[in-house]
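S.K.: Quick one, model.txt (compact mmCIF, C-alpha atoms):
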```
# COMPACT_ATOMS: atom_id res chain seq x y z
CA ALA A 81 -12.42 -19.64 2.38
CA PRO A 82 -13.47 -22.92 0.81
CA ASP A 83 -13.34 -25.01 4.03
CA ALA A 84 -12.00 -25.15 7.59
CA ALA A 85 -8.51 -26.12 6.40
CA HIS A 86 -8.12 -22.88 4.45
CA ALA A 87 -8.21 -19.17 5.14
CA THR A 88 -8.23 -16.02 3.08
CA ALA A 89 -5.01 -14.04 3.23
CA VAL A 90 -3.92 -10.85 1.53
CA LEU A 91 -0.22 -10.04 1.32
CA THR A 92 0.72 -6.52 0.31
CA THR A 93 3.98 -4.67 0.09
CA GLU A 94 5.20 -1.36 -1.23
CA VAL A 95 7.19 -1.73 -4.44
CA ALA A 96 8.83 0.55 -6.99
CA PRO A 97 6.54 2.25 -9.51
CA HIS A 98 6.00 0.87 -13.01
CA GLY A 99 8.09 2.20 -15.84
CA ALA A 100 7.78 0.56 -19.25
CA GLY A 101 11.25 -0.25 -20.53
CA ALA A 102 12.86 0.00 -17.07
CA PRO A 103 14.71 -3.08 -15.80
CA ALA A 104 12.66 -5.96 -14.42
CA PRO A 105 12.92 -6.41 -10.64
CA GLY A 106 15.94 -8.39 -9.57
CA PRO A 107 16.37 -10.80 -6.66
CA GLU A 108 16.43 -7.86 -4.26
CA PRO A 109 13.70 -5.19 -4.12
CA ALA A 110 14.28 -2.03 -6.12
CA GLU A 111 14.89 1.27 -4.38
CA PRO A 112 11.59 3.01 -3.52
CA PHE A 113 11.89 5.69 -6.21
CA ASP A 114 13.39 3.52 -8.97
CA GLN A 115 11.09 2.39 -11.74
CA VAL A 116 10.56 -1.26 -12.60
CA ASP A 117 9.03 -2.84 -15.69
CA TRP A 118 6.30 -4.84 -13.98
CA ASP A 119 5.11 -6.15 -17.37
CA ALA A 120 8.46 -7.92 -17.98
CA SER A 121 8.17 -11.70 -18.15
CA GLY A 122 8.15 -13.19 -14.63
CA ALA A 123 8.51 -9.84 -12.84
CA ALA A 124 5.24 -9.97 -10.91
CA ASP A 125 5.42 -13.68 -10.11
CA SER A 126 9.00 -13.53 -8.84
CA CYS A 127 8.09 -10.67 -6.50
CA ALA A 128 5.00 -12.58 -5.28
CA ASP A 129 7.14 -15.68 -4.75
CA ARG A 130 9.58 -13.68 -2.58
CA MET A 131 6.65 -12.36 -0.54
CA THR A 132 5.33 -15.89 -0.05
CA GLU A 133 8.79 -17.09 1.05
CA ARG A 134 8.96 -14.35 3.66
CA ALA A 135 5.44 -15.10 4.90
CA GLU A 136 6.42 -18.75 5.29
CA ALA A 137 8.72 -17.71 8.13
CA ALA A 138 5.53 -17.14 10.16
CA ASP A 139 3.57 -20.05 8.64
CA PRO A 140 5.78 -22.82 7.17
CA ALA A 141 2.73 -24.66 5.76
CA LEU A 142 1.43 -21.61 3.90
CA ARG A 143 2.55 -22.61 0.38
CA ASP A 144 0.88 -26.03 0.64
CA ARG A 145 -2.49 -24.39 1.35
CA ILE A 146 -2.49 -21.85 -1.49
CA LEU A 147 -5.31 -22.66 -3.87
CA TRP A 148 -4.96 -19.59 -6.06
CA ARG A 149 -3.39 -16.18 -6.02
CA VAL A 150 -3.95 -12.90 -7.78
CA VAL A 151 -0.93 -10.66 -8.27
CA LEU A 152 -1.55 -6.97 -8.87
CA THR A 153 1.36 -4.70 -9.70
CA PRO A 154 1.83 -0.97 -10.18
CA ALA A 155 1.45 -1.66 -13.94
CA ASP A 156 -2.04 -3.02 -13.23
CA LEU A 157 -2.84 0.02 -11.10
CA GLU A 158 -1.56 2.34 -13.84
CA ARG A 159 -3.86 0.67 -16.38
CA GLY A 160 -6.81 0.64 -13.99
CA THR A 161 -6.50 4.17 -12.62
CA GLY A 162 -4.52 6.07 -15.23
CA VAL A 163 -2.05 7.21 -12.57
CA PRO A 164 1.47 7.23 -14.09
CA GLY A 165 3.63 4.51 -12.57
CA GLY A 166 0.67 3.04 -10.69
CA VAL A 167 1.63 4.97 -7.58
CA VAL A 168 -1.72 6.02 -6.19
CA ALA A 169 -0.56 7.91 -3.11
CA PRO A 170 2.70 9.82 -2.71
CA PRO A 171 5.08 8.91 0.09
CA VAL A 172 4.40 10.50 3.45
CA LEU A 173 7.78 11.39 4.87
CA ALA A 174 8.59 13.44 7.94
CA GLY A 175 11.94 14.71 6.59
CA ALA A 176 12.64 17.89 4.63
CA ASP A 177 10.99 20.01 7.35
CA GLY A 178 7.65 18.36 6.67
CA ALA A 179 7.60 19.18 2.96
CA TYR A 180 6.35 15.68 2.14
CA LEU A 181 3.75 15.32 4.88
CA ALA A 182 0.13 14.85 3.87
CA PRO A 183 -2.27 17.73 4.62
CA ALA A 184 -3.97 17.81 8.01
CA THR A 185 -7.35 16.18 8.52
CA GLU A 186 -9.06 19.53 9.14
CA GLY A 187 -9.73 21.38 5.90
CA ARG A 188 -9.70 25.12 5.23
CA LEU A 189 -13.50 25.33 5.32
CA PRO A 190 -15.40 24.78 8.58
CA GLY A 191 -16.86 21.27 8.61
CA ALA A 192 -14.66 20.03 5.72
CA TYR A 193 -12.30 17.15 6.52
CA ARG A 194 -9.71 15.24 4.51
CA VAL A 195 -9.52 11.48 4.76
CA GLY A 196 -7.76 8.70 2.87
CA GLY A 197 -4.49 8.47 1.01
CA GLU A 198 -4.09 12.18 0.38
CA ALA A 199 -4.59 13.19 4.03
CA HIS A 200 -2.74 12.75 7.31
CA PRO A 201 -1.61 10.13 8.29
CA GLY A 202 -1.26 8.89 4.68
CA GLY A 203 -2.20 6.14 2.26
CA GLY A 204 -3.01 2.48 2.71
CA LEU A 205 -5.94 0.82 4.42
CA ILE A 206 -4.64 1.31 7.94
CA HIS A 207 -3.83 4.99 7.51
CA ALA A 208 -7.05 5.67 5.62
CA GLY A 209 -8.94 4.16 8.57
CA MET A 210 -6.95 6.31 10.96
CA SER A 211 -7.72 9.48 9.02
CA GLY A 212 -11.41 8.51 9.01
CA ALA A 213 -11.30 8.02 12.77
CA LEU A 214 -9.61 11.41 13.19
CA ALA A 215 -12.26 13.09 11.03
CA ALA A 216 -15.04 11.37 12.99
CA GLY A 217 -13.49 12.60 16.25
CA LEU A 218 -13.38 16.16 14.94
CA ILE A 219 -17.02 15.95 13.84
CA VAL A 220 -18.23 14.48 17.13
CA GLU A 221 -15.95 16.34 19.55
CA GLY A 222 -15.56 19.61 17.64
CA PRO A 223 -12.67 21.69 16.31
CA GLY A 224 -9.41 21.41 18.14
CA TRP A 225 -10.02 17.81 19.23
CA ARG A 226 -6.77 15.85 19.27
CA GLY A 227 -7.38 12.15 19.63
CA SER A 228 -4.81 9.41 19.65
CA TYR A 229 -4.58 6.43 17.38
```
Can you present the structure in this file as structure tokens?

M.R.:
Amino acid sequence: APDAAHATAVLTTEVAPHGAGAPAPGPEPAEPFDQVDWDASGAADSCADRMTERAEAADPALRDRILWRVVLTPADLERGTGVPGGVVAPPVLAGADGAYLAPATEGRLPGAYRVGGEAHPGGGLIHAGMSGALAAGLIVEGPGWRGSY
């Protein structure tokens, strides 16, 4: 932060994956599994503007204090990671009899643990931290440990 009147803030949201040639995002968010052309003119900025508007409900003076912003979209993630659509982690859904749940923290081999976006409880910083905490608990407390988070 440049001075006491400013703070660093990161706004993130889940959006539809990138699909070149798909429609640009409209005034309302796309459905989670639709594709959006995030490279279309104004697509990323209009989405970031909507996020800022919603954040202003909690902090009405937010917009006046923005000095700069960086907008990263699934198209940027696709270019940076090579993952089609820029969707780094699949959805973690409890429906379909658990068919879409991430694998458990404990691996098949003794002493091997899964952490991060591809493990329970799923992707994102918060869930990656939770899976790390679960793995640490299993290492420290031993197999069968069931902590809470």

S.K.: Can you tell me, as a VMD selection string, what residues are no more than 8 Å from A:Ala184 when counting all atoms listed in the file, ignoring any on the same chain fewer than 2 positions away?

M.R.: chain A and resid 182 186 to 187 194 199 to 200

S.K.: Could you check how far atom CA of A:His207 sits from atom CA of A:Ser126, in Å to one decimal?

M.R.: 27.8 Å

S.K.: So, counting all atoms listed in the file, which residue among A:Ala192, A:Met210, A:Ala138, A:Val116 is closest to A:Ala155?

M.R.: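 Ranking A:Ala192, A:Met210, A:Ala138, A:Val116 by distance to A:Ala155, first place goes to A:Val116.
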
S.K.: In Å, with one decimal, what is the gap from atom CA of A:Val95 to atom CA of A:Asp156?

M.R.: 12.8 Å

S.K.: Looking at all atoms listed in the file, which of A:Thr185, A:Thr161, A:Thr153, A:Gln115 is the one that sits closest to A:Pro97?

M.R.: A:Gln115

S.K.: Would you compute the distance between atom CA of A:Ala104 and atom CA of A:Gly122? Give it in Å to one decimal.

M.R.: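 It comes out at 8.5 Å.
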
S.K.: Could you check the closest approach to A:Thr93 for each of A:Gly197, A:Gly106, A:Pro154, A:Gly209 and tell me which residue wins, using all atoms listed in the file?

M.R.: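 Of the candidates, the smallest distance to A:Thr93 is held by A:Pro154.
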
S.K.: Restrict the output to stretch 93-127 of chain A and N, CA, C and O atoms, then write it as a JSON list (two decimals), in the first residue's frame.

M.R.:
```json
[["chain", "number", "residue", "atom", "x", "y", "z"],
["A", 93, "THR", "N", -13.47, -13.91, -8.11],
["A", 93, "THR", "CA", -14.76, -14.56, -8.27],
["A", 93, "THR", "C", -14.61, -15.69, -9.26],
["A", 93, "THR", "O", -13.68, -15.70, -10.07],
["A", 94, "GLU", "N", -15.50, -16.64, -9.18],
["A", 94, "GLU", "CA", -15.49, -17.73, -10.15],
["A", 94, "GLU", "C", -16.31, -17.29, -11.35],
["A", 94, "GLU", "O", -17.41, -16.77, -11.20],
["A", 95, "VAL", "N", -15.75, -17.48, -12.53],
["A", 95, "VAL", "CA", -16.43, -17.10, -13.77],
["A", 95, "VAL", "C", -16.39, -18.26, -14.75],
["A", 95, "VAL", "O", -15.70, -19.25, -14.54],
["A", 96, "ALA", "N", -17.14, -18.12, -15.82],
["A", 96, "ALA", "CA", -17.19, -19.16, -16.85],
["A", 96, "ALA", "C", -15.83, -19.29, -17.53],
["A", 96, "ALA", "O", -15.08, -18.32, -17.63],
["A", 97, "PRO", "N", -15.51, -20.48, -18.03],
["A", 97, "PRO", "CA", -14.23, -20.68, -18.70],
["A", 97, "PRO", "C", -14.16, -19.92, -20.02],
["A", 97, "PRO", "O", -15.18, -19.55, -20.60],
["A", 98, "HIS", "N", -12.93, -19.72, -20.49],
["A", 98, "HIS", "CA", -12.69, -19.04, -21.75],
["A", 98, "HIS", "C", -12.99, -19.97, -22.92],
["A", 98, "HIS", "O", -12.67, -21.15, -22.89],
["A", 99, "GLY", "N", -13.60, -19.41, -23.93],
["A", 99, "GLY", "CA", -13.81, -20.13, -25.18],
["A", 99, "GLY", "C", -13.73, -19.13, -26.31],
["A", 99, "GLY", "O", -14.62, -18.28, -26.45],
["A", 100, "ALA", "N", -12.65, -19.17, -27.09],
["A", 100, "ALA", "CA", -12.50, -18.23, -28.20],
["A", 100, "ALA", "C", -13.69, -18.38, -29.13],
["A", 100, "ALA", "O", -14.10, -19.48, -29.47],
["A", 101, "GLY", "N", -14.29, -17.26, -29.50],
["A", 101, "GLY", "CA", -15.44, -17.28, -30.39],
["A", 101, "GLY", "C", -16.77, -17.41, -29.69],
["A", 101, "GLY", "O", -17.82, -17.24, -30.30],
["A", 102, "ALA", "N", -16.77, -17.73, -28.38],
["A", 102, "ALA", "CA", -18.02, -17.78, -27.61],
["A", 102, "ALA", "C", -18.49, -16.35, -27.40],
["A", 102, "ALA", "O", -17.75, -15.39, -27.62],
["A", 103, "PRO", "N", -19.73, -16.16, -26.97],
["A", 103, "PRO", "CA", -20.19, -14.79, -26.72],
["A", 103, "PRO", "C", -19.39, -14.12, -25.59],
["A", 103, "PRO", "O", -18.89, -14.79, -24.70],
["A", 104, "ALA", "N", -19.29, -12.81, -25.67],
["A", 104, "ALA", "CA", -18.69, -12.04, -24.57],
["A", 104, "ALA", "C", -19.66, -12.07, -23.40],
["A", 104, "ALA", "O", -20.86, -12.27, -23.59],
["A", 105, "PRO", "N", -19.17, -11.88, -22.17],
["A", 105, "PRO", "CA", -20.08, -11.89, -21.03],
["A", 105, "PRO", "C", -21.06, -10.72, -21.11],
["A", 105, "PRO", "O", -20.70, -9.64, -21.53],
["A", 106, "GLY", "N", -22.29, -10.99, -20.73],
["A", 106, "GLY", "CA", -23.31, -9.95, -20.76],
["A", 106, "GLY", "C", -23.40, -9.24, -19.42],
["A", 106, "GLY", "O", -22.51, -9.38, -18.57],
["A", 107, "PRO", "N", -24.48, -8.50, -19.20],
["A", 107, "PRO", "CA", -24.62, -7.78, -17.94],
["A", 107, "PRO", "C", -24.76, -8.71, -16.73],
["A", 107, "PRO", "O", -24.41, -8.35, -15.63],
["A", 108, "GLU", "N", -25.26, -9.90, -16.98],
["A", 108, "GLU", "CA", -25.36, -10.89, -15.90],
["A", 108, "GLU", "C", -24.30, -11.95, -16.10],
["A", 108, "GLU", "O", -23.92, -12.25, -17.23],
["A", 109, "PRO", "N", -23.80, -12.55, -15.02],
["A", 109, "PRO", "CA", -22.78, -13.59, -15.15],
["A", 109, "PRO", "C", -23.28, -14.77, -15.99],
["A", 109, "PRO", "O", -24.46, -15.09, -15.99],
["A", 110, "ALA", "N", -22.36, -15.40, -16.69],
["A", 110, "ALA", "CA", -22.69, -16.59, -17.47],
["A", 110, "ALA", "C", -22.93, -17.76, -16.53],
["A", 110, "ALA", "O", -22.53, -17.74, -15.37],
["A", 111, "GLU", "N", -23.59, -18.78, -17.03],
["A", 111, "GLU", "CA", -23.76, -20.00, -16.26],
["A", 111, "GLU", "C", -22.38, -20.62, -16.02],
["A", 111, "GLU", "O", -21.48, -20.46, -16.86],
["A", 112, "PRO", "N", -22.18, -21.34, -14.92],
["A", 112, "PRO", "CA", -20.84, -21.84, -14.58],
["A", 112, "PRO", "C", -20.17, -22.68, -15.67],
["A", 112, "PRO", "O", -18.96, -22.65, -15.79],
["A", 113, "PHE", "N", -20.93, -23.43, -16.46],
["A", 113, "PHE", "CA", -20.29, -24.30, -17.43],
["A", 113, "PHE", "C", -20.38, -23.76, -18.86],
["A", 113, "PHE", "O", -19.96, -24.42, -19.79],
["A", 114, "ASP", "N", -20.95, -22.56, -19.04],
["A", 114, "ASP", "CA", -20.92, -21.91, -20.35],
["A", 114, "ASP", "C", -19.50, -21.44, -20.61],
["A", 114, "ASP", "O", -18.71, -21.26, -19.68],
["A", 115, "GLN", "N", -19.18, -21.20, -21.86],
["A", 115, "GLN", "CA", -17.90, -20.59, -22.20],
["A", 115, "GLN", "C", -18.14, -19.14, -22.56],
["A", 115, "GLN", "O", -19.20, -18.77, -23.06],
["A", 116, "VAL", "N", -17.13, -18.32, -22.30],
["A", 116, "VAL", "CA", -17.18, -16.89, -22.57],
["A", 116, "VAL", "C", -15.90, -16.52, -23.30],
["A", 116, "VAL", "O", -14.83, -17.04, -23.00],
["A", 117, "ASP", "N", -16.01, -15.61, -24.26],
["A", 117, "ASP", "CA", -14.81, -15.10, -24.93],
["A", 117, "ASP", "C", -14.24, -13.95, -24.11],
["A", 117, "ASP", "O", -14.66, -12.80, -24.25],
["A", 118, "TRP", "N", -13.32, -14.27, -23.23],
["A", 118, "TRP", "CA", -12.74, -13.26, -22.33],
["A", 118, "TRP", "C", -11.80, -12.31, -23.05],
["A", 118, "TRP", "O", -11.41, -11.29, -22.49],
["A", 119, "ASP", "N", -11.44, -12.62, -24.30],
["A", 119, "ASP", "CA", -10.60, -11.71, -25.09],
["A", 119, "ASP", "C", -11.44, -10.70, -25.87],
["A", 119, "ASP", "O", -10.89, -9.80, -26.50],
["A", 120, "ALA", "N", -12.77, -10.82, -25.84],
["A", 120, "ALA", "CA", -13.64, -9.87, -26.54],
["A", 120, "ALA", "C", -13.45, -8.47, -25.93],
["A", 120, "ALA", "O", -13.19, -8.33, -24.73],
["A", 121, "SER", "N", -13.56, -7.47, -26.75],
["A", 121, "SER", "CA", -13.36, -6.09, -26.32],
["A", 121, "SER", "C", -14.27, -5.75, -25.14],
["A", 121, "SER", "O", -15.48, -5.90, -25.20],
["A", 122, "GLY", "N", -13.68, -5.31, -24.04],
["A", 122, "GLY", "CA", -14.41, -4.87, -22.86],
["A", 122, "GLY", "C", -14.90, -5.98, -21.94],
["A", 122, "GLY", "O", -15.44, -5.69, -20.88],
["A", 123, "ALA", "N", -14.72, -7.24, -22.32],
["A", 123, "ALA", "CA", -15.26, -8.34, -21.52],
["A", 123, "ALA", "C", -14.67, -8.36, -20.11],
["A", 123, "ALA", "O", -15.41, -8.41, -19.13],
["A", 124, "ALA", "N", -13.36, -8.32, -20.00],
["A", 124, "ALA", "CA", -12.72, -8.40, -18.69],
["A", 124, "ALA", "C", -13.02, -7.17, -17.85],
["A", 124, "ALA", "O", -13.33, -7.27, -16.66],
["A", 125, "ASP", "N", -12.94, -5.99, -18.46],
["A", 125, "ASP", "CA", -13.18, -4.76, -17.70],
["A", 125, "ASP", "C", -14.61, -4.64, -17.22],
["A", 125, "ASP", "O", -14.86, -4.18, -16.10],
["A", 126, "SER", "N", -15.58, -5.08, -18.04],
["A", 126, "SER", "CA", -16.98, -4.97, -17.59],
["A", 126, "SER", "C", -17.23, -5.91, -16.41],
["A", 126, "SER", "O", -17.95, -5.56, -15.47],
["A", 127, "CYS", "N", -16.62, -7.09, -16.44],
["A", 127, "CYS", "CA", -16.77, -8.02, -15.31],
["A", 127, "CYS", "C", -16.11, -7.42, -14.06],
["A", 127, "CYS", "O", -16.69, -7.44, -12.97]]
```
